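Working notes, beginning with the structure itself.
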Amino acid sequence: MTLFTTSRNQADLQAEVDAGVDDLRAASDPGAAYTSVCVALPGHATGADPRVASVIFLPHDDLELSGFAYSAQEGTATAKRFTVQLEHADDDALGDDHPDQLSQTVPVTGAITSASSASLVRGSSIPSRRYFLRRGVRYRLTVNDPSPSPLTHLSVAAFFTIRPRRV
Amino acid sequence: MTAIPPIANVYEGYVHQRWVANLVERFHRILRVLDSRRVTKFPIVATFNSIASGDAPERRRIRIRPPVNLRLVGISAEVAAPSGYTGGDIGVYFSGTQRLTVSPVADGEASGYVGLRTTLNANTTYTFEVDDPPAAGTLDRVTLTLQCEHVASALVNFSAPIVRAGESFSRVNAWWAAARAAAQAILTRRRYWAIAAVHSGTPPSASQVLQLIHGVAVEARLERHTLDIDSGTATGTLGYAATTRTTGTCTAGTLLSEDPALAIDTTAGQNGLYLSYTNVSGTQNRVVHVLFLSRDA
């Protein structure tokens with residue numbers, strides 16, 4: 001009984017299986033294949049206690065911040081600005097041993113430039129550097145007071161991608 | 001979607017056991033690892049500002065209606081109470097059953113978590129509700145986080161033909177065809193997840209508009225969205241980049257559920273997907289908008 005194939009056929013099949021494995025690995029890249037998750041803040045924004053104008057969330061996966069989107073409604077015909085912070089909910093949650101992890105606030109400024117009152121404005125902001133969030137650590141997303149005067153409604157979403165874990 | 005290459009040739013001859021065993025084992029191992037990772041974990045975060053004693057349930061609940069089976073693995077609740085709060089503990093309920101109790105701290109934040117492992121069936125409405133403060137008082141904020149998973153495993157029915165030493169290469173071909181089909185099934189199984197936005201606080205008066213914004217960082221398809229309000233009636237415009245569509249009319253107490261199959265292409269512009277919400281009648285203190293999205297990779 002011949003136990004060996006011809007080398008050409010064996011090599012061909014080996015190459016096909018190798019290619020299949022490579023394709024599977026490429027498709028398994030969560031950075032490409034996984035979804036995003038979102039945290040949305042409720043509307044009102046002005047003069048609020050930071051504990052109120054914030055949301056705390058606990059990722060079950062390692063995340064990378066992709067950006068922010070916001071929608072605002074101003075109450076007066078005045079241009080306004082506001083900032084958004086993303087930070088650890090617990091002080092010293094990571095310490096200084098994880099410089100690649102999110103260990104500082106991410107400042108994001110939204111600009112409301114409409115000249116008419118009660119108008120709705122949307123925008124988005126992409127961070128200038130990469131920020132990573134670690135699973136099992138609590139994070140807080142806070143909307144700071146708008147300036148110079150109140151907004152009647154503000155909705156902010158932070159969105160993330162799950163960090164790749166290759167096979 | 002990545003395609004697995006087909007077998008181009010008809011192989012002749014016989015196989016060597018060790019070689020084919022290594023080949024089969026290697027591919028199956030990758031298949032199983034990939035399949036086990038077809039779990040999308042996501043939180044659905046809902047924040048309710050200002051929950052007062054005596055507030056109706058419609059002001060302190062989120063209802064979800066998934067388009068596919070999901071797994072609920074945990075619920076966390078975070079409560080911020082004002083100084084001087086003496087209102088007592090807050091219960092968290094899942095479909096009418098209390099699952100969690102949080103003891104608010106005056107002028108502070110308190111949290112609790114309960115682990116679950118429950119299937120949320122497709123096209124079924126589930127309610128998550130928090131207590132109103134049992135005594136006079138108002139909670140500044142309550143955040144509910146539903147930790148969910150979508151499982152897209154595709155290897156449940158996979159059984160590859162057995163290949164033994166000395167057998168024809170046609171057996172290897174049969175195995176490879178089955179393995180390719182299994183791999184393809186994994187790669188074509190869609191992933192689902194959900195995001196939510198809640199408006200709470202100053203109620204819009206008649207004809208007023210507000211917007212709820214969501215973030216979507218990847219190309220996806222909006223499978224379903226639900227709108228829930230606590231009073232009156234309202235309509236909305238769902239928008240993404242230059243695409244908009246009008247929702248049906250939502251009536252308090254009835255969950256509006258629509259399946260728009262809206263394609264979201266993040267290269268098209270803004271990452272924000274929004275609901276422009278228009279009050280028709282009554283004054284809404286709570287507006288809860290939940291999106292269910294999917295993608296094919």
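Order determines the names: the first chain of the structure tokens is A, the second B, and so forth; residues in each chain are numbered 1 upward, and ligands are numbered 1 upward as they are shown.
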
Residues within 6 Å of Gly87 (chain B), only C-alpha atoms, excluding chain neighbours under 4 positions, as a compact mmCIF listing (two decimals) with all heavy atoms, in the first residue's frame:
```txt
# COMPACT_ATOMS: atom_id res chain seq x y z
N PRO B 133 -37.88 55.95 44.83
CA PRO B 133 -37.50 55.97 46.25
C PRO B 133 -38.73 55.71 47.11
O PRO B 133 -39.79 56.31 46.89
CB PRO B 133 -36.99 57.41 46.44
CG PRO B 133 -36.55 57.84 45.09
CD PRO B 133 -37.49 57.18 44.13
N PRO B 134 -38.64 54.81 48.07
CA PRO B 134 -39.82 54.46 48.86
C PRO B 134 -40.29 55.57 49.77
O PRO B 134 -41.45 55.58 50.16
CB PRO B 134 -39.33 53.24 49.66
CG PRO B 134 -37.86 53.31 49.66
CD PRO B 134 -37.47 53.98 48.39
N ALA B 135 -39.43 56.48 50.14
CA ALA B 135 -39.85 57.62 50.95
C ALA B 135 -39.64 58.89 50.14
O ALA B 135 -39.05 58.86 49.07
CB ALA B 135 -39.05 57.68 52.25
N GLY B 137 -38.34 61.90 48.39
CA GLY B 137 -36.99 62.18 47.95
C GLY B 137 -36.84 61.91 46.48
O GLY B 137 -37.73 61.34 45.85
```

Contacts of Val137 (chain A) at 9 Å or less, counting only C-alpha atoms, minus same-chain residues fewer than 2 places along, as a compact mmCIF listing (two decimals) with all heavy atoms, in the first residue's frame?
```txt
# COMPACT_ATOMS: atom_id res chain seq x y z
N PHE A 57 -19.69 53.08 33.19
CA PHE A 57 -19.87 51.80 32.51
C PHE A 57 -18.67 50.91 32.76
O PHE A 57 -17.57 51.37 33.05
CB PHE A 57 -20.10 52.00 31.01
CG PHE A 57 -18.97 52.66 30.28
CD1 PHE A 57 -18.10 51.90 29.51
CD2 PHE A 57 -18.78 54.02 30.36
CE1 PHE A 57 -17.06 52.51 28.84
CE2 PHE A 57 -17.74 54.63 29.69
CZ PHE A 57 -16.87 53.87 28.92
N LEU A 58 -18.92 49.64 32.63
CA LEU A 58 -17.92 48.61 32.95
C LEU A 58 -17.74 47.72 31.72
O LEU A 58 -18.58 46.85 31.47
CB LEU A 58 -18.41 47.79 34.15
CG LEU A 58 -17.52 46.65 34.62
CD1 LEU A 58 -16.30 47.22 35.35
CD2 LEU A 58 -18.29 45.74 35.57
N PRO A 59 -16.68 47.90 30.95
CA PRO A 59 -16.49 47.07 29.76
C PRO A 59 -16.22 45.61 30.12
O PRO A 59 -15.52 45.34 31.09
CB PRO A 59 -15.27 47.69 29.07
CG PRO A 59 -15.06 49.01 29.71
CD PRO A 59 -15.62 48.91 31.09
N HIS A 60 -16.76 44.72 29.35
CA HIS A 60 -16.47 43.30 29.50
C HIS A 60 -15.42 42.85 28.49
O HIS A 60 -15.12 41.67 28.39
CB HIS A 60 -17.74 42.47 29.34
CG HIS A 60 -18.50 42.33 30.62
ND1 HIS A 60 -19.42 41.34 30.85
CD2 HIS A 60 -18.46 43.06 31.76
CE1 HIS A 60 -19.91 41.45 32.07
NE2 HIS A 60 -19.35 42.49 32.64
N HIS A 88 -11.28 57.23 34.43
CA HIS A 88 -11.56 56.17 35.38
C HIS A 88 -12.60 56.61 36.38
O HIS A 88 -12.56 57.73 36.87
CB HIS A 88 -10.30 55.78 36.15
CG HIS A 88 -9.27 55.13 35.30
ND1 HIS A 88 -9.52 53.99 34.57
CD2 HIS A 88 -7.99 55.46 35.05
CE1 HIS A 88 -8.43 53.65 33.92
NE2 HIS A 88 -7.49 54.53 34.18
N ALA A 89 -13.51 55.72 36.66
CA ALA A 89 -14.49 56.04 37.69
C ALA A 89 -13.90 55.87 39.07
O ALA A 89 -14.35 56.46 40.04
CB ALA A 89 -15.73 55.16 37.53
N ASP A 90 -12.88 55.02 39.17
CA ASP A 90 -12.24 54.78 40.46
C ASP A 90 -10.83 55.37 40.42
O ASP A 90 -10.07 55.09 39.50
CB ASP A 90 -12.15 53.28 40.75
CG ASP A 90 -13.52 52.64 40.67
OD1 ASP A 90 -14.46 53.18 41.27
OD2 ASP A 90 -13.65 51.62 39.98
N ALA A 93 -7.21 53.45 39.59
CA ALA A 93 -7.64 52.10 39.20
C ALA A 93 -6.52 51.34 38.51
O ALA A 93 -6.38 50.14 38.66
CB ALA A 93 -8.85 52.19 38.29
N LEU A 94 -5.70 52.06 37.76
CA LEU A 94 -4.64 51.39 37.03
C LEU A 94 -3.25 51.79 37.52
O LEU A 94 -2.28 51.11 37.23
CB LEU A 94 -4.73 51.73 35.53
CG LEU A 94 -5.96 51.17 34.82
CD1 LEU A 94 -5.95 51.58 33.36
CD2 LEU A 94 -6.02 49.66 34.94
N LEU A 133 -9.13 51.15 26.83
CA LEU A 133 -9.87 50.88 28.06
C LEU A 133 -9.74 49.40 28.35
O LEU A 133 -9.75 48.57 27.44
CB LEU A 133 -11.35 51.25 27.93
CG LEU A 133 -11.70 52.74 27.84
CD1 LEU A 133 -11.35 53.32 26.48
CD2 LEU A 133 -13.17 52.95 28.13
N ARG A 134 -9.64 49.09 29.62
CA ARG A 134 -9.42 47.70 29.99
C ARG A 134 -10.69 47.10 30.59
O ARG A 134 -11.38 47.75 31.36
CB ARG A 134 -8.27 47.60 31.01
CG ARG A 134 -7.66 46.22 31.07
CD ARG A 134 -6.38 46.25 31.86
NE ARG A 134 -6.59 46.67 33.24
CZ ARG A 134 -5.64 46.62 34.16
NH1 ARG A 134 -4.43 46.22 33.85
NH2 ARG A 134 -5.90 47.00 35.39
N ARG A 135 -10.94 45.87 30.22
CA ARG A 135 -12.13 45.20 30.75
C ARG A 135 -12.04 45.08 32.26
O ARG A 135 -10.96 44.92 32.83
CB ARG A 135 -12.30 43.82 30.12
CG ARG A 135 -11.20 42.86 30.45
CD ARG A 135 -11.40 41.54 29.75
NE ARG A 135 -10.21 40.71 29.87
CZ ARG A 135 -10.10 39.51 29.32
NH1 ARG A 135 -11.09 39.03 28.63
NH2 ARG A 135 -9.00 38.82 29.46
N TYR A 139 -15.39 52.99 34.06
CA TYR A 139 -15.09 54.28 33.44
C TYR A 139 -16.29 55.20 33.55
O TYR A 139 -17.43 54.76 33.60
CB TYR A 139 -14.70 54.10 31.97
CG TYR A 139 -13.41 53.32 31.80
CD1 TYR A 139 -13.44 51.94 31.69
CD2 TYR A 139 -12.18 53.97 31.79
CE1 TYR A 139 -12.27 51.22 31.56
CE2 TYR A 139 -11.00 53.26 31.66
CZ TYR A 139 -11.05 51.89 31.56
OH TYR A 139 -9.89 51.17 31.45
```

Long-range neighbours of Thr125 (chain B) as JSON, numbers by chain, 8 Å cut-off, only C-alpha atoms, 4 positions minimum in chain: {"B": [63, 64, 65, 66]}

Considering only C-alpha atoms, return as an MDAnalysis selection string whatever protein or nucleic-acid residues lie within 7 Å of Arg122 (chain A), sequence-local ones (same chain, fewer than 5 positions apart) excluded. chainID A and resid 70:72

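Note that the spacing between CA of Thr237 (chain B) and CA of Gly253 (chain B) amounts to 20.0 Å.
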
Counting only C-alpha atoms, what is within 8 Å of region 225-227 of chain B, bar same-chain residues fewer than 5 positions away, as a ChimeraX atom specification? /B:64-65,250,255-260,287-292
